[in-house]
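Below: upload.cif (mmCIF, C-alpha atoms and all ligand atoms)
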```cif
data_input
loop_
_atom_site.group_PDB
_atom_site.id
_atom_site.type_symbol
_atom_site.label_atom_id
_atom_site.label_comp_id
_atom_site.auth_asym_id
_atom_site.auth_seq_id
_atom_site.Cartn_x
_atom_site.Cartn_y
_atom_site.Cartn_z
ATOM 1 C CA MET V 1 -153.499 -134.435 14.750
ATOM 2 C CA SER V 2 -150.943 -131.942 13.507
ATOM 3 C CA GLU V 3 -151.509 -129.732 10.437
ATOM 4 C CA ALA V 4 -150.809 -131.442 7.135
ATOM 5 C CA VAL V 5 -147.723 -130.267 5.253
ATOM 6 C CA LYS V 6 -148.678 -129.451 1.666
ATOM 7 C CA PHE V 7 -146.715 -128.830 -1.502
ATOM 8 C CA HIS V 8 -148.090 -127.547 -4.780
ATOM 9 C CA PHE V 9 -146.367 -127.498 -8.172
ATOM 10 C CA ASP V 10 -147.293 -126.398 -11.659
ATOM 11 C CA VAL V 11 -145.873 -128.929 -14.089
ATOM 12 C CA ASP V 12 -144.882 -127.285 -17.361
ATOM 13 C CA GLY V 13 -145.911 -129.387 -20.323
ATOM 14 C CA SER V 14 -144.036 -127.382 -22.920
ATOM 15 C CA ASP V 15 -140.552 -127.944 -21.546
ATOM 16 C CA PHE V 16 -139.403 -131.545 -21.289
ATOM 17 C CA SER V 17 -136.082 -130.545 -19.750
ATOM 18 C CA SER V 18 -137.848 -129.584 -16.517
ATOM 19 C CA ALA V 19 -139.962 -132.773 -16.352
ATOM 20 C CA GLY V 20 -139.417 -134.471 -13.018
ATOM 21 C CA ALA V 21 -138.208 -131.352 -11.221
ATOM 22 C CA ALA V 22 -141.192 -131.269 -8.846
ATOM 23 C CA SER V 23 -140.501 -134.854 -7.763
ATOM 24 C CA VAL V 24 -136.863 -134.014 -7.045
ATOM 25 C CA MET V 25 -138.072 -131.134 -4.880
ATOM 26 C CA VAL V 26 -140.541 -133.338 -2.985
ATOM 27 C CA LYS V 27 -137.866 -135.950 -2.374
ATOM 28 C CA LYS V 28 -135.595 -133.284 -0.905
ATOM 29 C CA LYS V 29 -138.356 -131.894 1.338
ATOM 30 C CA LEU V 30 -139.341 -135.345 2.621
ATOM 31 C CA ARG V 31 -135.695 -136.048 3.433
ATOM 32 C CA GLN V 32 -135.503 -132.784 5.349
ATOM 33 C CA LEU V 33 -138.663 -133.768 7.244
ATOM 34 C CA GLY V 34 -136.910 -137.004 8.217
ATOM 35 C CA TYR V 35 -139.191 -139.633 6.654
ATOM 36 C CA PRO V 36 -137.802 -143.189 6.258
ATOM 37 C CA PRO V 37 -135.900 -143.764 2.979
ATOM 38 C CA GLU V 38 -138.299 -146.568 1.884
ATOM 39 C CA VAL V 39 -141.299 -144.241 2.196
ATOM 40 C CA ILE V 40 -139.503 -141.439 0.384
ATOM 41 C CA ARG V 41 -138.509 -143.763 -2.412
ATOM 42 C CA LYS V 42 -142.076 -145.007 -2.922
ATOM 43 C CA VAL V 43 -143.543 -141.504 -2.950
ATOM 44 C CA SER V 44 -140.883 -140.073 -5.211
ATOM 45 C CA ILE V 45 -140.887 -142.864 -7.807
ATOM 46 C CA ALA V 46 -144.699 -142.858 -8.026
ATOM 47 C CA MET V 47 -144.840 -139.087 -8.291
ATOM 48 C CA TYR V 48 -141.994 -138.938 -10.814
ATOM 49 C CA GLU V 49 -143.677 -141.456 -13.136
ATOM 50 C CA GLY V 50 -146.916 -139.479 -12.905
ATOM 51 C CA GLU V 51 -145.176 -136.163 -13.414
ATOM 52 C CA ILE V 52 -143.385 -137.426 -16.527
ATOM 53 C CA ASN V 53 -146.700 -138.816 -17.812
ATOM 54 C CA MET V 54 -148.355 -135.407 -17.459
ATOM 55 C CA VAL V 55 -145.568 -133.846 -19.517
ATOM 56 C CA ILE V 56 -145.365 -136.455 -22.276
ATOM 57 C CA HIS V 57 -149.044 -137.396 -22.550
ATOM 58 C CA ALA V 58 -151.084 -134.452 -21.244
ATOM 59 C CA ASN V 59 -149.209 -131.203 -21.851
ATOM 60 C CA GLY V 60 -148.530 -130.632 -18.157
ATOM 61 C CA GLY V 61 -150.732 -130.080 -15.129
ATOM 62 C CA THR V 62 -150.481 -129.694 -11.382
ATOM 63 C CA ALA V 63 -148.980 -131.836 -8.658
ATOM 64 C CA ASP V 64 -150.033 -131.687 -5.007
ATOM 65 C CA VAL V 65 -148.426 -133.608 -2.198
ATOM 66 C CA GLU V 66 -150.122 -133.664 1.203
ATOM 67 C CA VAL V 67 -148.326 -135.126 4.172
ATOM 68 C CA TYR V 68 -150.554 -136.326 7.007
ATOM 69 C CA ASP V 69 -149.744 -138.201 10.228
ATOM 70 C CA ASN V 70 -150.700 -141.560 8.752
ATOM 71 C CA GLU V 71 -150.181 -141.150 5.003
ATOM 72 C CA ILE V 72 -148.759 -139.136 2.148
ATOM 73 C CA VAL V 73 -151.220 -138.279 -0.629
ATOM 74 C CA ILE V 74 -150.072 -137.388 -4.153
ATOM 75 C CA ILE V 75 -152.594 -135.773 -6.503
ATOM 76 C CA LEU V 76 -151.645 -135.286 -10.146
ATOM 77 C CA SER V 77 -154.134 -133.410 -12.253
ATOM 78 C CA ASP V 78 -154.048 -132.525 -15.932
ATOM 79 C CA LYS V 79 -156.284 -131.197 -18.691
ATOM 80 C CA GLY V 80 -154.897 -133.593 -21.272
ATOM 81 C CA PRO V 81 -156.697 -135.997 -23.621
ATOM 82 C CA GLY V 82 -157.750 -138.455 -20.883
ATOM 83 C CA ILE V 83 -157.113 -142.196 -20.867
ATOM 84 C CA PRO V 84 -159.626 -144.066 -23.075
ATOM 85 C CA ASN V 85 -159.005 -147.525 -21.620
ATOM 86 C CA ILE V 86 -157.575 -147.590 -18.104
ATOM 87 C CA GLU V 87 -157.301 -151.368 -17.964
ATOM 88 C CA LEU V 88 -155.187 -151.354 -21.098
ATOM 89 C CA ALA V 89 -153.083 -148.392 -19.943
ATOM 90 C CA MET V 90 -152.355 -150.219 -16.674
ATOM 91 C CA GLN V 91 -150.830 -153.180 -18.512
ATOM 92 C CA GLU V 92 -147.054 -153.437 -18.412
ATOM 93 C CA GLY V 93 -145.663 -152.556 -21.811
ATOM 94 C CA TYR V 94 -148.698 -150.706 -23.136
ATOM 95 C CA SER V 95 -147.688 -147.293 -24.393
ATOM 96 C CA THR V 96 -148.907 -144.802 -26.960
ATOM 97 C CA ALA V 97 -145.594 -142.921 -26.798
ATOM 98 C CA ARG V 98 -143.841 -142.358 -30.096
ATOM 99 C CA ASP V 99 -140.180 -142.653 -30.989
ATOM 100 C CA ASN V 100 -139.434 -139.048 -30.049
ATOM 101 C CA ILE V 101 -140.429 -139.883 -26.468
ATOM 102 C CA ARG V 102 -138.508 -143.167 -26.485
ATOM 103 C CA ASN V 103 -135.427 -141.251 -27.596
ATOM 104 C CA LEU V 104 -135.764 -139.275 -24.372
ATOM 105 C CA GLY V 105 -135.663 -142.499 -22.332
ATOM 106 C CA PHE V 106 -139.387 -142.960 -21.688
ATOM 107 C CA GLY V 107 -142.355 -144.718 -23.258
ATOM 108 C CA ALA V 108 -141.863 -148.352 -22.235
ATOM 109 C CA GLY V 109 -145.368 -148.590 -20.827
ATOM 110 C CA MET V 110 -144.109 -149.169 -17.302
ATOM 111 C CA GLY V 111 -145.098 -145.961 -15.521
ATOM 112 C CA LEU V 112 -148.711 -146.597 -14.474
ATOM 113 C CA PRO V 113 -148.031 -150.182 -13.271
ATOM 114 C CA ASN V 114 -145.019 -148.846 -11.379
ATOM 115 C CA MET V 115 -147.134 -146.150 -9.730
ATOM 116 C CA LYS V 116 -149.550 -148.813 -8.562
ATOM 117 C CA LYS V 117 -146.723 -151.013 -7.325
ATOM 118 C CA TYR V 118 -145.127 -148.314 -5.215
ATOM 119 C CA THR V 119 -148.274 -146.940 -3.588
ATOM 120 C CA ASP V 120 -150.860 -148.380 -1.214
ATOM 121 C CA SER V 121 -153.752 -147.088 -3.284
ATOM 122 C CA MET V 122 -154.165 -145.437 -6.644
ATOM 123 C CA GLU V 123 -157.321 -143.958 -8.168
ATOM 124 C CA ILE V 124 -157.588 -142.756 -11.736
ATOM 125 C CA ASP V 125 -160.339 -140.309 -12.591
ATOM 126 C CA THR V 126 -160.239 -139.627 -16.299
ATOM 127 C CA ARG V 127 -162.538 -137.997 -18.847
ATOM 128 C CA ILE V 128 -161.897 -138.089 -22.551
ATOM 129 C CA GLY V 129 -161.040 -134.662 -23.861
ATOM 130 C CA GLU V 130 -161.147 -133.145 -20.363
ATOM 131 C CA GLY V 131 -158.259 -134.560 -18.406
ATOM 132 C CA THR V 132 -157.023 -136.986 -15.807
ATOM 133 C CA THR V 133 -156.592 -136.843 -12.052
ATOM 134 C CA ILE V 134 -154.578 -139.539 -10.358
ATOM 135 C CA THR V 135 -154.638 -139.817 -6.565
ATOM 136 C CA MET V 136 -152.063 -142.029 -4.893
ATOM 137 C CA ARG V 137 -151.596 -142.788 -1.209
ATOM 138 C CA VAL V 138 -148.601 -144.131 0.647
ATOM 139 C CA SER V 139 -149.241 -145.180 4.259
ATOM 140 C CA LEU V 140 -146.829 -144.136 6.963
ATOM 141 C CA MET C 27 -116.223 -151.277 -4.875
ATOM 142 C CA LYS C 28 -115.344 -147.662 -4.287
ATOM 143 C CA ILE C 29 -116.529 -145.062 -6.808
ATOM 144 C CA SER C 30 -112.875 -144.104 -7.335
ATOM 145 C CA GLU C 31 -112.211 -147.647 -8.603
ATOM 146 C CA ILE C 32 -114.994 -147.250 -11.155
ATOM 147 C CA ARG C 33 -113.328 -144.071 -12.363
ATOM 148 C CA ASP C 34 -109.986 -145.870 -12.668
ATOM 149 C CA LEU C 35 -111.403 -148.986 -14.363
ATOM 150 C CA LEU C 36 -113.339 -146.923 -16.914
ATOM 151 C CA ASP C 37 -110.604 -144.333 -17.317
ATOM 152 C CA ALA C 38 -113.348 -141.806 -16.689
ATOM 153 C CA GLU C 39 -113.321 -138.119 -16.038
ATOM 154 C CA VAL C 40 -115.142 -137.073 -12.870
ATOM 155 C CA LEU C 41 -117.417 -134.106 -13.598
ATOM 156 C CA CYS C 42 -118.895 -133.594 -10.144
ATOM 157 C CA GLY C 43 -119.145 -135.240 -6.741
ATOM 158 C CA ALA C 44 -115.421 -135.870 -6.437
ATOM 159 C CA ASP C 45 -115.845 -135.659 -2.659
ATOM 160 C CA GLN C 46 -117.763 -138.953 -2.763
ATOM 161 C CA LEU C 47 -115.152 -141.081 -4.499
ATOM 162 C CA ASP C 48 -114.608 -143.101 -1.326
ATOM 163 C CA ARG C 49 -118.235 -144.183 -1.214
ATOM 164 C CA GLU C 50 -118.812 -147.944 -1.549
ATOM 165 C CA VAL C 51 -121.255 -149.261 -4.154
ATOM 166 C CA THR C 52 -122.210 -152.916 -4.481
ATOM 167 C CA SER C 53 -123.983 -153.174 -7.834
ATOM 168 C CA ALA C 54 -124.672 -151.336 -11.068
ATOM 169 C CA CYS C 55 -127.053 -151.257 -14.015
ATOM 170 C CA CYS C 56 -126.968 -149.961 -17.565
ATOM 171 C CA SER C 57 -129.813 -148.624 -19.692
ATOM 172 C CA ASP C 58 -130.815 -145.840 -22.033
ATOM 173 C CA MET C 59 -134.461 -146.315 -21.049
ATOM 174 C CA MET C 60 -135.221 -144.464 -17.837
ATOM 175 C CA SER C 61 -138.624 -146.205 -17.816
ATOM 176 C CA ASP C 62 -136.826 -149.515 -17.351
ATOM 177 C CA VAL C 63 -134.499 -148.152 -14.697
ATOM 178 C CA LEU C 64 -137.540 -146.957 -12.743
ATOM 179 C CA ALA C 65 -139.375 -150.240 -13.183
ATOM 180 C CA TYR C 66 -136.682 -152.859 -12.763
ATOM 181 C CA VAL C 67 -133.788 -151.448 -10.789
ATOM 182 C CA LYS C 68 -133.662 -152.325 -7.109
ATOM 183 C CA ASP C 69 -130.620 -151.186 -5.218
ATOM 184 C CA GLN C 70 -128.025 -150.584 -7.883
ATOM 185 C CA GLY C 71 -125.888 -147.678 -6.808
ATOM 186 C CA VAL C 72 -124.466 -146.920 -10.247
ATOM 187 C CA LEU C 73 -126.185 -146.143 -13.552
ATOM 188 C CA LEU C 74 -124.290 -146.389 -16.831
ATOM 189 C CA THR C 75 -126.045 -144.777 -19.762
ATOM 190 C CA GLY C 76 -125.620 -143.348 -23.248
ATOM 191 C CA LEU C 77 -128.653 -141.093 -22.828
ATOM 192 C CA VAL C 78 -127.920 -137.480 -22.007
ATOM 193 C CA ASN C 79 -130.703 -135.422 -20.459
ATOM 194 C CA ALA C 80 -131.743 -134.066 -17.069
ATOM 195 C CA GLN C 81 -134.062 -137.031 -16.531
ATOM 196 C CA VAL C 82 -131.043 -139.325 -16.248
ATOM 197 C CA ILE C 83 -129.946 -137.410 -13.141
ATOM 198 C CA ARG C 84 -133.496 -137.122 -11.791
ATOM 199 C CA THR C 85 -134.108 -140.835 -12.324
ATOM 200 C CA ALA C 86 -130.866 -141.657 -10.494
ATOM 201 C CA ASN C 87 -132.018 -139.379 -7.685
ATOM 202 C CA MET C 88 -135.414 -141.142 -7.471
ATOM 203 C CA MET C 89 -133.651 -144.517 -7.290
ATOM 204 C CA ASP C 90 -131.223 -143.336 -4.580
ATOM 205 C CA MET C 91 -128.230 -143.976 -6.818
ATOM 206 C CA HIS C 92 -124.840 -142.519 -6.004
ATOM 207 C CA CYS C 93 -123.096 -142.441 -9.351
ATOM 208 C CA VAL C 94 -123.955 -141.873 -13.023
ATOM 209 C CA VAL C 95 -121.489 -142.826 -15.762
ATOM 210 C CA PHE C 96 -121.993 -141.426 -19.263
ATOM 211 C CA VAL C 97 -120.442 -143.776 -21.801
ATOM 212 C CA ARG C 98 -119.059 -143.112 -25.285
ATOM 213 C CA SER C 99 -117.570 -139.787 -24.146
ATOM 214 C CA LYS C 100 -121.004 -138.221 -23.835
ATOM 215 C CA ASN C 101 -120.919 -135.051 -21.856
ATOM 216 C CA PRO C 102 -123.744 -133.712 -19.713
ATOM 217 C CA THR C 103 -124.682 -130.026 -19.761
ATOM 218 C CA GLU C 104 -123.791 -127.551 -16.999
ATOM 219 C CA ASP C 105 -127.411 -127.670 -15.807
ATOM 220 C CA MET C 106 -127.253 -131.434 -15.450
ATOM 221 C CA ILE C 107 -124.043 -131.247 -13.484
ATOM 222 C CA GLU C 108 -125.499 -128.602 -11.197
ATOM 223 C CA LEU C 109 -128.561 -130.790 -10.632
ATOM 224 C CA ALA C 110 -126.370 -133.820 -9.875
ATOM 225 C CA GLU C 111 -124.373 -131.777 -7.382
ATOM 226 C CA GLU C 112 -127.596 -130.760 -5.634
ATOM 227 C CA CYS C 113 -128.681 -134.392 -5.521
ATOM 228 C CA GLY C 114 -125.314 -135.593 -4.214
ATOM 229 C CA ILE C 115 -124.641 -137.762 -7.259
ATOM 230 C CA THR C 116 -121.143 -138.316 -8.631
ATOM 231 C CA VAL C 117 -121.097 -137.897 -12.425
ATOM 232 C CA MET C 118 -118.376 -139.155 -14.722
ATOM 233 C CA SER C 119 -117.800 -139.580 -18.424
ATOM 234 C CA SER C 120 -115.941 -142.498 -19.993
ATOM 235 C CA ARG C 121 -114.828 -142.974 -23.583
ATOM 236 C CA LEU C 122 -115.752 -146.695 -23.361
ATOM 237 C CA ARG C 123 -118.889 -148.033 -24.996
ATOM 238 C CA ALA C 124 -121.671 -149.298 -22.770
ATOM 239 C CA TYR C 125 -121.060 -152.979 -23.390
ATOM 240 C CA VAL C 126 -117.341 -152.695 -22.738
ATOM 241 C CA ALA C 127 -117.753 -150.473 -19.679
ATOM 242 C CA CYS C 128 -120.212 -152.951 -18.160
ATOM 243 C CA GLY C 129 -117.905 -155.861 -18.944
ATOM 244 C CA VAL C 130 -114.952 -154.193 -17.292
ATOM 245 C CA LEU C 131 -116.905 -153.409 -14.128
ATOM 246 C CA TRP C 132 -118.529 -156.829 -13.988
ATOM 247 C CA GLN C 133 -115.186 -158.567 -14.358
ATOM 248 C CA ALA C 134 -113.827 -156.478 -11.507
ATOM 249 C CA GLY C 135 -116.638 -157.755 -9.288
ATOM 250 C CA LEU C 136 -119.312 -155.090 -9.619
ATOM 251 C CA THR C 137 -122.315 -157.203 -10.651
ATOM 252 C CA SER C 138 -125.976 -156.338 -11.034
ATOM 253 C CA ASP C 139 -127.633 -158.129 -8.077
ATOM 254 C CA THR C 140 -130.737 -158.879 -10.119
ATOM 255 C CA GLU C 141 -131.321 -160.624 -13.422
ATOM 256 C CA ASP C 142 -134.088 -158.149 -14.208
ATOM 257 C CA CYS C 143 -131.752 -155.293 -14.947
ATOM 258 C CA ASP C 144 -131.045 -154.951 -18.646
ATOM 259 C CA VAL C 145 -127.352 -154.669 -19.306
HETATM 260 N N1 LIG U 201 -151.853 -138.258 -17.713
HETATM 261 C C1 LIG U 201 -152.144 -138.965 -18.827
HETATM 262 N N2 LIG U 201 -152.973 -138.454 -19.771
HETATM 263 C C2 LIG U 201 -153.287 -139.151 -20.888
HETATM 264 N N3 LIG U 201 -152.833 -140.398 -21.139
HETATM 265 C C3 LIG U 201 -152.013 -140.964 -20.237
HETATM 266 C C4 LIG U 201 -151.617 -140.280 -19.045
HETATM 267 N N4 LIG U 201 -150.819 -141.117 -18.342
HETATM 268 C C5 LIG U 201 -150.705 -142.239 -19.063
HETATM 269 N N5 LIG U 201 -151.420 -142.169 -20.206
HETATM 270 C C6 LIG U 201 -151.592 -143.218 -21.223
HETATM 271 O O1 LIG U 201 -151.330 -144.483 -20.645
HETATM 272 C C7 LIG U 201 -150.264 -145.133 -21.325
HETATM 273 C C8 LIG U 201 -149.433 -145.942 -20.330
HETATM 274 O O2 LIG U 201 -148.792 -145.060 -19.404
HETATM 275 P P1 LIG U 201 -147.445 -145.546 -18.703
HETATM 276 O O3 LIG U 201 -146.966 -144.463 -17.818
HETATM 277 O O4 LIG U 201 -147.683 -146.868 -18.080
HETATM 278 O O5 LIG U 201 -146.454 -145.759 -19.933
HETATM 279 P P2 LIG U 201 -145.681 -144.685 -20.818
HETATM 280 O O6 LIG U 201 -145.754 -143.344 -20.149
HETATM 281 O O7 LIG U 201 -146.192 -144.758 -22.194
HETATM 282 O O8 LIG U 201 -144.187 -145.234 -20.755
HETATM 283 P P3 LIG U 201 -143.212 -145.206 -19.470
HETATM 284 O O9 LIG U 201 -144.023 -144.807 -18.287
HETATM 285 O O10 LIG U 201 -142.655 -146.568 -19.346
HETATM 286 O O11 LIG U 201 -142.175 -144.186 -19.780
HETATM 287 C C9 LIG U 201 -149.490 -144.016 -21.991
HETATM 288 O O12 LIG U 201 -148.739 -144.458 -23.097
HETATM 289 C C10 LIG U 201 -150.632 -143.068 -22.404
HETATM 290 O O13 LIG U 201 -151.283 -143.533 -23.545
HETATM 291 MG MG MG U 202 -145.225 -143.171 -18.106
#
```

Please rewrite the model in this file as structure tokens.
Ligand SMILES: Nc1ncnc2c1ncn2[C@@H]1O[C@H](COP(=O)(O)OP(=O)(O)OP(=O)(O)O)[C@@H](O)[C@H]1O
Ligand SMILES: [Mg+2]
Amino acid sequence: MSEAVKFHFDVDGSDFSSAGAASVMVKKKLRQLGYPPEVIRKVSIAMYEGEINMVIHANGGTADVEVYDNEIVIILSDKGPGIPNIELAMQEGYSTARDNIRNLGFGAGMGLPNMKKYTDSMEIDTRIGEGTTITMRVSL
Amino acid sequence: MKISEIRDLLDAEVLCGADQLDREVTSACCSDMMSDVLAYVKDQGVLLTGLVNAQVIRTANMMDMHCVVFVRSKNPTEDMIELAEECGITVMSSRLRAYVACGVLWQAGLTSDTEDCDV
């Protein structure tokens, strides 16, 4: 087993213009490391959706990507309001985003289902008023 | 279709990535909702949009797209162009409206490849 390659990012919740920048960086790094395009696409779409969610719903947080021999793990952690009803939030089309978010091109209620679709496992650990940690895994 | 043909058909101005005009693309999509692009787009190489922000470029990067066309003469910022250059995405701006731009490209043979993509 070789050492895992790890990336850590602080995701700024106050500046929408930088939302998604960490995912762009991860995509670039994974390309440099030579991973297959399908794997890179899955990891980057899932992470991007989660990163945008942290900015628009949770005032930012942290993103960690850990690359192991057999899988890539993405951990997104925020101190936002938490998700009151995960089952509901996972439904396609469910969104609490307002018009100001929709005007930025997001808030269709597709992100969480998309994250699940593009990863091999997804765990949501959320506490109301404390925050949310989402752990996603993509097998290699 | 080559990216240069898209430029010609849409009478568009190329803002970056002019070195990639010979690249072949086989399908396109059009949306102002990046959420929908992320959820429904499969292998469309071109994104037409009336939305102008950095997330348009980042979304195109996530979806492995090669070309972004801003319709209705919308112009991206310097930062967006720099980001697109880094991502290897050709960016152009056309005075055509979205519906017309899509129609012109579709008629010339650049279709969408999937009925899911909202045009
Ligand atoms: N990190 C988070 N913290 C708090 N609430 C969240 C978080 N992520 C998602 N949610 C809640 O779950 C809902 C559904 O999220 P999802 O990503 O599927 O859709 P969206 O972000 O509203 O729109 P889209 O992803 O299509 O742009 C959100 O509207 C929000 O209420
Ligand atoms: Mg979302």

Hey, what's within 9 Å of Gly105 of chain V if we count all atoms listed in the file and toss same-chain stuff fewer than 4 positions away? As a PyMOL selection string, please? (chain V and resi 101) or (chain C and resi 57-62+77+79+81-82)

For segment 106-111 of chain V, find every residue with an atom within 7 Å (counting all atoms listed in the file), except residues of its own chain fewer than 3 positions away, and show them as a list in words. Glu49, Glu92, Gly93, Tyr94, Ser95, Ala97, Ile101, Arg102, Asn114 and Met115 of chain V; Met59, Met60, Ser61 and Ala65 of chain C

Define the interface residues of chain V facing chain C as those within 12 Å, counting all atoms listed in the file, and report them as an mmCIF file with C-alpha atoms, keeping the file's coordinate frame.
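To be explicit, this is the file written out as result.cif:
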```cif
data_model
loop_
_atom_site.group_PDB
_atom_site.id
_atom_site.type_symbol
_atom_site.label_atom_id
_atom_site.label_comp_id
_atom_site.auth_asym_id
_atom_site.auth_seq_id
_atom_site.Cartn_x
_atom_site.Cartn_y
_atom_site.Cartn_z
ATOM 1 C CA ASP V 15 -140.552 -127.944 -21.546
ATOM 2 C CA PHE V 16 -139.403 -131.545 -21.289
ATOM 3 C CA SER V 17 -136.082 -130.545 -19.750
ATOM 4 C CA SER V 18 -137.848 -129.584 -16.517
ATOM 5 C CA ALA V 19 -139.962 -132.773 -16.352
ATOM 6 C CA GLY V 20 -139.417 -134.471 -13.018
ATOM 7 C CA ALA V 21 -138.208 -131.352 -11.221
ATOM 8 C CA ALA V 22 -141.192 -131.269 -8.846
ATOM 9 C CA SER V 23 -140.501 -134.854 -7.763
ATOM 10 C CA VAL V 24 -136.863 -134.014 -7.045
ATOM 11 C CA MET V 25 -138.072 -131.134 -4.880
ATOM 12 C CA VAL V 26 -140.541 -133.338 -2.985
ATOM 13 C CA LYS V 27 -137.866 -135.950 -2.374
ATOM 14 C CA LYS V 28 -135.595 -133.284 -0.905
ATOM 15 C CA ARG V 31 -135.695 -136.048 3.433
ATOM 16 C CA PRO V 37 -135.900 -143.764 2.979
ATOM 17 C CA GLU V 38 -138.299 -146.568 1.884
ATOM 18 C CA VAL V 39 -141.299 -144.241 2.196
ATOM 19 C CA ILE V 40 -139.503 -141.439 0.384
ATOM 20 C CA ARG V 41 -138.509 -143.763 -2.412
ATOM 21 C CA LYS V 42 -142.076 -145.007 -2.922
ATOM 22 C CA VAL V 43 -143.543 -141.504 -2.950
ATOM 23 C CA SER V 44 -140.883 -140.073 -5.211
ATOM 24 C CA ILE V 45 -140.887 -142.864 -7.807
ATOM 25 C CA ALA V 46 -144.699 -142.858 -8.026
ATOM 26 C CA MET V 47 -144.840 -139.087 -8.291
ATOM 27 C CA TYR V 48 -141.994 -138.938 -10.814
ATOM 28 C CA GLU V 49 -143.677 -141.456 -13.136
ATOM 29 C CA GLY V 50 -146.916 -139.479 -12.905
ATOM 30 C CA GLU V 51 -145.176 -136.163 -13.414
ATOM 31 C CA ILE V 52 -143.385 -137.426 -16.527
ATOM 32 C CA ASN V 53 -146.700 -138.816 -17.812
ATOM 33 C CA GLU V 92 -147.054 -153.437 -18.412
ATOM 34 C CA GLY V 93 -145.663 -152.556 -21.811
ATOM 35 C CA SER V 95 -147.688 -147.293 -24.393
ATOM 36 C CA ALA V 97 -145.594 -142.921 -26.798
ATOM 37 C CA ILE V 101 -140.429 -139.883 -26.468
ATOM 38 C CA ARG V 102 -138.508 -143.167 -26.485
ATOM 39 C CA ASN V 103 -135.427 -141.251 -27.596
ATOM 40 C CA LEU V 104 -135.764 -139.275 -24.372
ATOM 41 C CA GLY V 105 -135.663 -142.499 -22.332
ATOM 42 C CA PHE V 106 -139.387 -142.960 -21.688
ATOM 43 C CA GLY V 107 -142.355 -144.718 -23.258
ATOM 44 C CA ALA V 108 -141.863 -148.352 -22.235
ATOM 45 C CA GLY V 109 -145.368 -148.590 -20.827
ATOM 46 C CA MET V 110 -144.109 -149.169 -17.302
ATOM 47 C CA GLY V 111 -145.098 -145.961 -15.521
ATOM 48 C CA LEU V 112 -148.711 -146.597 -14.474
ATOM 49 C CA PRO V 113 -148.031 -150.182 -13.271
ATOM 50 C CA ASN V 114 -145.019 -148.846 -11.379
ATOM 51 C CA MET V 115 -147.134 -146.150 -9.730
ATOM 52 C CA LYS V 116 -149.550 -148.813 -8.562
ATOM 53 C CA LYS V 117 -146.723 -151.013 -7.325
ATOM 54 C CA TYR V 118 -145.127 -148.314 -5.215
#
```

In Å, how far is it from atom CA of Val51 of chain C to atom CA of Lys28 of chain C?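 For atom CA of Val51 of chain C relative to atom CA of Lys28 of chain C, the distance reads 6.1 Å.
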
Check which residues satisfy the PyMOL selection byres (((chain V and resi 11) around 7) and not hetatm) in the file shown, then give them as a PDB file with C-alpha atoms, in the frame of the given file.
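The new file out-v2.pdb reads:
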```pdb
ATOM      1  CA  PHE V   9    -146.367-127.498  -8.172  1.00  0.00           C
ATOM      2  CA  ASP V  10    -147.293-126.398 -11.659  1.00  0.00           C
ATOM      3  CA  ASP V  12    -144.882-127.285 -17.361  1.00  0.00           C
ATOM      4  CA  GLY V  13    -145.911-129.387 -20.323  1.00  0.00           C
ATOM      5  CA  GLY V  60    -148.530-130.632 -18.157  1.00  0.00           C
ATOM      6  CA  GLY V  61    -150.732-130.080 -15.129  1.00  0.00           C
ATOM      7  CA  THR V  62    -150.481-129.694 -11.382  1.00  0.00           C
ATOM      8  CA  ALA V  63    -148.980-131.836  -8.658  1.00  0.00           C
TER       9      ALA V  63
END
```

So which residues get picked by the PyMOL selection byres (((chain C and resi 125) around 12) and not hetatm) here, written as a list in words? Leu36, Cys55, Cys56, Ser57, Leu74, Thr75, Gly76, Val97, Arg98, Arg121, Leu122, Arg123, Ala124, Val126, Ala127, Cys128, Gly129, Val130, Leu131, Trp132, Asp144 and Val145 of chain C

Within 10 Å of file point (-122.9, -136.7, -12.3), counting only C-alpha atoms, expressed as a PyMOL selection string: chain C and resi 40-44+82-83+86+92-96+101-102+106-111+113-119

So what does the PyMOL selection byres (((chain V and resi 3) around 10) and not hetatm) actually pick up in this one, as a list of chain:residue names?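 Residues picked by the PyMOL selection byres (((chain V and resi 3) around 10) and not hetatm): V:Met1, V:Ser2, V:Ala4, V:Val5, V:Lys6, V:Val67, V:Tyr68, V:Asp69.
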
Can you tell me how far atom CA of Leu47 of chain C sits from atom CA of Ser120 of chain C, in Å to one decimal? 15.6 Å

Tell me, in Å to one decimal, how far atom CA of Thr126 of chain V is from atom C4 of ligand LIG 201 (chain U). 9.1 Å

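Neighbourhood of point (-157.2, -149.4, -17.3): residues with an atom at most 12 Å away, counting all atoms listed in the file, are V:Gly82, V:Ile83, V:Pro84, V:Asn85, V:Ile86, V:Glu87, V:Leu88, V:Ala89, V:Met90, V:Gln91, V:Glu92, V:Tyr94, V:Leu112, V:Pro113, V:Lys116, V:Met122, V:Glu123, V:Ile124, V:Asp125, V:Thr126.
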
Pick the closest to ligand LIG 201 (chain U) from V:Ile75, V:Ile134, V:Ala58, V:Leu140: which is it, counting all atoms listed in the file? V:Ala58

Please return the centre and edge lengths, in Å to one decimal, of a box with edges along x, y and z that contains all listed atoms of ligand LIG 201 (chain U), widened by 3 Å on every side, as AutoDock Vina command-line options.
```
--center_x -147.7 --center_y -142.6 --center_z -20.6 --size_x 17.1 --size_y 14.6 --size_z 11.8
```

Residue among V:Ser14, V:Ile56, V:Asp64, V:His8 lying closest to ligand MG 202 (chain U), counting all atoms listed in the file: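 Under the stated criterion, the closest residue is V:Ile56.
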
Distance criterion (only C-alpha atoms and all ligand atoms): nearest to ligand LIG 201 (chain U) out of V:Thr132, V:Gln32, V:Ser121, V:Asn100: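 So, comparing all the options, the nearest one is V:Thr132.
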
From the list V:Arg98, V:Pro36, V:Asp120, V:Gly80, which residue is nearest ligand LIG 201 (chain U) when using all atoms listed in the file?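 Of V:Arg98, V:Pro36, V:Asp120, V:Gly80, the one nearest ligand LIG 201 (chain U) is V:Gly80, counting all atoms listed in the file.
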